[in-house]
Amino acid sequence: MEAPNLSYINSLSGNDEAFKTRLIDIIKIELPKEIQNYVNNIAAGNFKEAAANVHKLKHKISILGLEESYKVAESYEDSLLEQSRAEQVEFENILKIMTSFITTI
Amino acid sequence: MNCIIIDDEATARAIIAQLCTHIPNLNILEDFPNAMQAIKYLNQNEVELIFLDIHMPDFTGFDFIQAIKNPPKIILTTSDPKFAIEAFEYECIVDYLVKPIVLPRFEKAIQKALVSVSKPKDNLEISLEKKEINSGNDLYVNIDRRLIKIDIPSIYLVEAKGDYIQVKTEGNNYTVHSTLKKIEDKLPKNLFLKVHRSYIINIQKIIDIEDNSVLIKKDVIPVSRSNRPELMKRLNLL
């Protein structure tokens with residue numbers, strides 16, 4: 001599986017280290033909340049709300065340079081809207097990788 | 001150019017703000033995590049450009065556009081390319097940025113906004129805009145910090161009650177902190193008439209008229225002497 005990276009964040013930040021630190025701090029706060037919202041909705045069987053959570057998470061996935069994972073999230077969002085959990089395991093693995101990665105940066 | 005950012009995701013707001021630092025004379029006045037706060041801000045402040053997310057809980061970007069009168073130029077920011085066609089049905093939308101946004105694409109969008117802001121409107125554009133505004137069939141009312149959409153033709157009665165008005169429709173009654181004058185200005189003149197200092201009625205919903213009152217649904221509404229001639233003029237009398 002592909003690994004998260006900081007290419008996008010680095011290119012956005014340029015030499016602005018203060019912004020880079022601030023953005024990473026925001027992601028560290030926001031990502032776990034978004035994941036928790038998703039976990040709550042999927043556990044409650046709220047497919048539409050879970051799809052909206054996946055939609056939001058797609059942005060974080062792309063920020064961390066996970067291009068293939070983004071496609072999985074796109075498919076999963078569509079599946080959830082059709083009341084299917086087809087890509088659930090694969091998607092939740094992506095979340096684990098992202099969660100693990102942000103603790104290292 | 002003064003702008004605001006509306007996005008429920010803090011990460012997205014931070015990224016757009018950072019991209020704006022690369023554009024000379026582009027000033028971010030405020031950023032908002034939801035459309036409601038932005039609407040309140042726009043009621044009191046002028047902005048020329050809005051960066052607007054589509055997917056937001058409760059009130060989407062498109063709901064926001066429909067809720068504001070004379071929207072400024074808007075650049076949509078979204079993770080979803082599916083709405084591009086719908087987006088360009090709105091005159092105010094100048095570009096559509098798919099996240100994650102990169103600087104060269106952002107600069108291109110700003111160029112489009114600048115051209116659009118500086119372009120004088122021709123007569124056709126102005127008349128089309130007026131037509132678009134006048135043909136709107138919806139009215140948004142602020143109740144408990146939510147903007148509720150009301151289908152205007154379904155309104156049969158508006159009653160003033162102190163600092164509030166009660167809007168009665170076929171399906172629901174809404175109590176709104178507003179004045180009769182404000183809602184009168186928003187309702188189409190051909191359909192609604194103020195028949196008394198406390199009442200506006202939908203003429204099409206009248207059941208009968210007796211002396212100085214009209215019956216609408218189960219409500220008997222007084223008609224003031226000064227408004228009676230205008231009411232009679234509007235009726236298709238045999």
# chains A, B, ... in the order shown; residues from 1 in each chain; ligands from 1
call {"tool": "interface_residues", "arguments": {"of": "chain A", "to": "chain B", "cutoff": "9 Å", "atoms": "only C-alpha atoms", "output": "list in words"}}
result
Tyr8, Ser11, Leu12, Ser13, Phe19, Arg22, Leu23, Ile24, Ile26, Ile27, Glu30, Ala52, His55, Lys56, Lys58, His59, Lys60, Ser62 and Ile63 of chain A
call {"tool": "residues_around", "arguments": {"residues": "Tyr38 of chain A", "least_positions_apart": "6", "cutoff": "8 Å", "atoms": "only C-alpha atoms", "output": "list of chain:residue names"}}
result
A:Glu49, A:Ala50, A:Asn53, A:Val54
call {"tool": "residues_around", "arguments": {"residues": "Phe101 of chain A", "least_positions_apart": "3", "cutoff": "9 Å", "atoms": "only C-alpha atoms", "output": "number ranges by chain"}}
result
A: 3-5, 96-98, 104-105
call {"tool": "write_last_selection", "arguments": {"atoms": "N, CA and C atoms", "output": "mmCIF file, in the first residue's frame"}}
result
data_model
loop_
_atom_site.group_PDB
_atom_site.id
_atom_site.type_symbol
_atom_site.label_atom_id
_atom_site.label_comp_id
_atom_site.auth_asym_id
_atom_site.auth_seq_id
_atom_site.Cartn_x
_atom_site.Cartn_y
_atom_site.Cartn_z
ATOM 1 N N ALA A 3 2.364 5.024 0.732
ATOM 2 C CA ALA A 3 2.641 5.660 2.031
ATOM 3 C C ALA A 3 2.290 7.137 1.977
ATOM 4 N N PRO A 4 1.772 7.676 3.073
ATOM 5 C CA PRO A 4 1.492 9.114 3.106
ATOM 6 C C PRO A 4 2.783 9.923 2.976
ATOM 7 N N ASN A 5 2.657 11.144 2.494
ATOM 8 C CA ASN A 5 3.841 11.997 2.372
ATOM 9 C C ASN A 5 3.452 13.470 2.533
ATOM 10 N N LYS A 96 -6.192 4.085 9.318
ATOM 11 C CA LYS A 96 -5.170 3.673 10.303
ATOM 12 C C LYS A 96 -3.786 4.176 9.888
ATOM 13 N N ILE A 97 -3.500 4.061 8.601
ATOM 14 C CA ILE A 97 -2.183 4.500 8.099
ATOM 15 C C ILE A 97 -2.027 6.014 8.281
ATOM 16 N N MET A 98 -3.089 6.745 7.985
ATOM 17 C CA MET A 98 -3.036 8.213 8.135
ATOM 18 C C MET A 98 -2.867 8.598 9.611
ATOM 19 N N THR A 104 3.808 10.918 13.539
ATOM 20 C CA THR A 104 5.252 10.957 13.287
ATOM 21 C C THR A 104 5.711 12.314 12.755
ATOM 22 N N ILE A 105 4.771 13.197 12.448
ATOM 23 C CA ILE A 105 5.178 14.479 11.828
ATOM 24 C C ILE A 105 5.021 15.645 12.812
#
call {"tool": "residues_around", "arguments": {"residues": "Leu26 of chain B", "least_positions_apart": "3", "cutoff": "7 Å", "atoms": "only C-alpha atoms", "output": "JSON, numbers by chain"}}
result
{"B": [1, 2, 20, 23]}
call {"tool": "write_last_selection", "arguments": {"atoms": "C-alpha atoms", "output": "JSON list (two decimals), in the first residue's frame"}}
result
[["chain", "number", "residue", "atom", "x", "y", "z"],
["B", 1, "MET", "CA", -10.31, 42.62, -3.67],
["B", 2, "ASN", "CA", -11.99, 41.79, -0.35],
["B", 20, "CYS", "CA", -4.32, 34.04, -0.86],
["B", 23, "ILE", "CA", -2.02, 37.16, -4.55]]
call {"tool": "closest_residue", "arguments": {"among": "A:Ile29, A:Met1, A:Leu64, A:Ile42", "to": "Arg85 of chain A", "atoms": "only C-alpha atoms"}}
result
A:Ile42
call {"tool": "atom_distance", "arguments": {"atom1": "atom CA of Tyr90 of chain B", "atom2": "atom CA of Leu49 of chain B"}}
result
14.3 Å
call {"tool": "atom_distance", "arguments": {"atom1": "atom CA of Pro81 of chain B", "atom2": "atom CA of Thr21 of chain A"}}
result
29.3 Å
call {"tool": "residues_around", "arguments": {"residues": "Ser178 of chain B", "least_positions_apart": "3", "cutoff": "7 Å", "atoms": "only C-alpha atoms", "output": "ChimeraX atom specification"}}
result
/B:163-165,182
call {"tool": "write_last_selection", "arguments": {"atoms": "N, CA and C atoms", "output": "short mmCIF file (atom, residue, chain, number, x, y, z; two decimals), in the first residue's frame"}}
result
data_model
loop_
_atom_site.label_atom_id
_atom_site.label_comp_id
_atom_site.auth_asym_id
_atom_site.auth_seq_id
_atom_site.Cartn_x
_atom_site.Cartn_y
_atom_site.Cartn_z
N ASP B 163 -42.82 42.11 17.89
CA ASP B 163 -41.53 42.10 17.18
C ASP B 163 -41.43 40.94 16.20
N TYR B 164 -42.47 40.14 16.12
CA TYR B 164 -42.43 38.93 15.28
C TYR B 164 -43.53 39.00 14.21
N ILE B 165 -43.37 38.13 13.22
CA ILE B 165 -44.47 37.92 12.28
C ILE B 165 -44.75 36.42 12.25
N LYS B 182 -40.80 44.32 6.06
CA LYS B 182 -39.69 43.58 5.44
C LYS B 182 -40.20 42.44 4.58
#
call {"tool": "select_by_dssp", "arguments": {"residues": "segment 67-226 of chain B", "states": "alpha helix (DSSP H)", "output": "PyMOL selection string"}}
result
chain B and resi 67+84-87+103-118+123-134+180-186
call {"tool": "write_last_selection", "arguments": {"atoms": "N, CA and C atoms", "output": "compact mmCIF listing (two decimals), in the first residue's frame"}}
result
# COMPACT_ATOMS: atom_id res chain seq x y z
N ALA B 67 -29.72 31.64 -0.88
CA ALA B 67 -30.24 32.39 0.27
C ALA B 67 -29.82 33.85 0.28
N ALA B 84 -19.79 20.39 -11.17
CA ALA B 84 -19.28 21.47 -12.03
C ALA B 84 -20.35 22.02 -12.96
N ILE B 85 -21.14 21.17 -13.57
CA ILE B 85 -22.14 21.64 -14.53
C ILE B 85 -23.20 22.48 -13.80
N GLU B 86 -23.66 21.96 -12.66
CA GLU B 86 -24.67 22.69 -11.88
C GLU B 86 -24.12 24.06 -11.45
N ALA B 87 -22.82 24.05 -11.10
CA ALA B 87 -22.20 25.28 -10.58
C ALA B 87 -22.29 26.42 -11.58
N LEU B 103 -1.35 26.05 -6.23
CA LEU B 103 -1.21 27.50 -6.48
C LEU B 103 -1.47 27.91 -7.93
N PRO B 104 -0.89 27.24 -8.95
CA PRO B 104 -1.14 27.71 -10.33
C PRO B 104 -2.63 27.74 -10.68
N ARG B 105 -3.36 26.71 -10.23
CA ARG B 105 -4.81 26.66 -10.53
C ARG B 105 -5.56 27.74 -9.74
N PHE B 106 -5.08 27.99 -8.53
CA PHE B 106 -5.70 29.02 -7.69
C PHE B 106 -5.52 30.40 -8.35
N GLU B 107 -4.31 30.65 -8.84
CA GLU B 107 -4.02 31.95 -9.49
C GLU B 107 -4.92 32.16 -10.72
N LYS B 108 -5.15 31.06 -11.45
CA LYS B 108 -6.01 31.14 -12.63
C LYS B 108 -7.44 31.53 -12.22
N ALA B 109 -7.91 30.94 -11.13
CA ALA B 109 -9.26 31.24 -10.65
C ALA B 109 -9.38 32.71 -10.23
N ILE B 110 -8.33 33.21 -9.60
CA ILE B 110 -8.35 34.61 -9.17
C ILE B 110 -8.38 35.54 -10.38
N GLN B 111 -7.62 35.16 -11.42
CA GLN B 111 -7.64 35.95 -12.65
C GLN B 111 -9.07 36.05 -13.20
N LYS B 112 -9.74 34.91 -13.21
CA LYS B 112 -11.13 34.89 -13.72
C LYS B 112 -12.01 35.79 -12.86
N ALA B 113 -11.80 35.74 -11.56
CA ALA B 113 -12.61 36.57 -10.65
C ALA B 113 -12.35 38.04 -10.91
N LEU B 114 -11.07 38.39 -11.11
CA LEU B 114 -10.72 39.80 -11.35
C LEU B 114 -11.37 40.31 -12.63
N VAL B 115 -11.32 39.50 -13.67
CA VAL B 115 -11.93 39.89 -14.95
C VAL B 115 -13.43 40.07 -14.75
N SER B 116 -14.02 39.14 -14.02
CA SER B 116 -15.46 39.16 -13.80
C SER B 116 -15.90 40.36 -12.97
N VAL B 117 -15.11 40.69 -11.95
CA VAL B 117 -15.46 41.82 -11.08
C VAL B 117 -15.35 43.14 -11.84
N SER B 118 -14.32 43.24 -12.69
CA SER B 118 -14.09 44.52 -13.38
C SER B 118 -14.97 44.69 -14.62
N ASN B 123 -26.74 45.55 -20.61
CA ASN B 123 -28.17 45.63 -20.30
C ASN B 123 -28.84 44.26 -20.23
N LEU B 124 -28.38 43.36 -21.13
CA LEU B 124 -29.00 42.04 -21.16
C LEU B 124 -28.73 41.30 -19.84
N GLU B 125 -27.46 41.39 -19.38
CA GLU B 125 -27.11 40.74 -18.11
C GLU B 125 -27.96 41.27 -16.97
N ILE B 126 -28.09 42.61 -16.94
CA ILE B 126 -28.85 43.22 -15.85
C ILE B 126 -30.30 42.77 -15.89
N SER B 127 -30.89 42.77 -17.09
CA SER B 127 -32.29 42.38 -17.16
C SER B 127 -32.47 40.90 -16.83
N LEU B 128 -31.49 40.08 -17.23
CA LEU B 128 -31.58 38.65 -16.88
C LEU B 128 -31.47 38.45 -15.38
N GLU B 129 -30.58 39.22 -14.75
CA GLU B 129 -30.43 39.12 -13.29
C GLU B 129 -31.73 39.49 -12.60
N LYS B 130 -32.33 40.59 -13.08
CA LYS B 130 -33.58 41.03 -12.46
C LYS B 130 -34.63 39.95 -12.61
N LYS B 131 -34.68 39.35 -13.82
CA LYS B 131 -35.67 38.31 -14.07
C LYS B 131 -35.44 37.14 -13.12
N GLU B 132 -34.15 36.79 -12.95
CA GLU B 132 -33.80 35.66 -12.08
C GLU B 132 -34.27 35.94 -10.64
N ILE B 133 -34.01 37.18 -10.18
CA ILE B 133 -34.39 37.52 -8.80
C ILE B 133 -35.90 37.49 -8.65
N ASN B 134 -36.59 38.10 -9.66
CA ASN B 134 -38.04 38.21 -9.53
C ASN B 134 -38.76 36.88 -9.67
N LEU B 180 -43.59 43.27 9.25
CA LEU B 180 -44.49 43.08 8.11
C LEU B 180 -43.95 43.80 6.88
N LYS B 181 -43.32 44.96 7.12
CA LYS B 181 -42.78 45.75 6.01
C LYS B 181 -41.69 44.97 5.28
N LYS B 182 -40.80 44.32 6.06
CA LYS B 182 -39.69 43.58 5.44
C LYS B 182 -40.20 42.44 4.58
N ILE B 183 -41.17 41.68 5.10
CA ILE B 183 -41.64 40.54 4.30
C ILE B 183 -42.48 41.03 3.12
N GLU B 184 -43.17 42.15 3.30
CA GLU B 184 -43.97 42.69 2.20
C GLU B 184 -43.07 43.00 0.99
N ASP B 185 -41.88 43.53 1.28
CA ASP B 185 -40.94 43.86 0.20
C ASP B 185 -40.43 42.62 -0.53
N LYS B 186 -40.47 41.47 0.16
CA LYS B 186 -39.93 40.23 -0.44
C LYS B 186 -41.00 39.45 -1.21
call {"tool": "closest_residue", "arguments": {"among": "B:His22, B:His196, B:Lys149, B:Arg13", "to": "Asp53 of chain B", "atoms": "only C-alpha atoms"}}
result
B:Arg13
call {"tool": "residues_around", "arguments": {"residues": "segment 200-205 of chain B", "least_positions_apart": "6", "cutoff": "8 Å", "atoms": "only C-alpha atoms", "output": "PyMOL selection string"}}
result
chain B and resi 153+155-159+180+184+191-194+216-217
call {"tool": "residues_around", "arguments": {"residues": "Asn142 of chain B", "least_positions_apart": "4", "cutoff": "12 Å", "atoms": "only C-alpha atoms", "output": "ChimeraX atom specification"}}
result
/B:36-37,39-40,67,146-150,164-165,174-178
call {"tool": "write_last_selection", "arguments": {"atoms": "C-alpha atoms", "output": "PDB file, in the first residue's frame"}}
result
ATOM      1  CA  MET B  36     -25.186  30.809   8.531  1.00  0.00           C
ATOM      2  CA  GLN B  37     -22.450  32.883  10.141  1.00  0.00           C
ATOM      3  CA  ILE B  39     -24.928  35.214   5.826  1.00  0.00           C
ATOM      4  CA  LYS B  40     -25.093  37.297   8.993  1.00  0.00           C
ATOM      5  CA  ALA B  67     -30.240  32.385   0.272  1.00  0.00           C
ATOM      6  CA  ARG B 146     -31.452  27.940  10.819  1.00  0.00           C
ATOM      7  CA  LEU B 147     -32.565  29.288   7.483  1.00  0.00           C
ATOM      8  CA  ILE B 148     -35.823  27.593   6.600  1.00  0.00           C
ATOM      9  CA  LYS B 149     -36.973  27.633   2.987  1.00  0.00           C
ATOM     10  CA  ILE B 150     -40.606  28.567   2.414  1.00  0.00           C
ATOM     11  CA  TYR B 164     -42.431  38.935  15.279  1.00  0.00           C
ATOM     12  CA  ILE B 165     -44.466  37.916  12.277  1.00  0.00           C
ATOM     13  CA  TYR B 174     -43.542  29.921  11.151  1.00  0.00           C
ATOM     14  CA  THR B 175     -42.887  32.574  13.791  1.00  0.00           C
ATOM     15  CA  VAL B 176     -40.079  34.816  12.585  1.00  0.00           C
ATOM     16  CA  HIS B 177     -38.330  37.793  14.175  1.00  0.00           C
ATOM     17  CA  SER B 178     -39.062  40.366  11.462  1.00  0.00           C
TER      18      SER B 178
END
call {"tool": "atom_distance", "arguments": {"atom1": "atom CA of Ala160 of chain B", "atom2": "atom CA of Ile143 of chain B"}}
result
16.0 Å
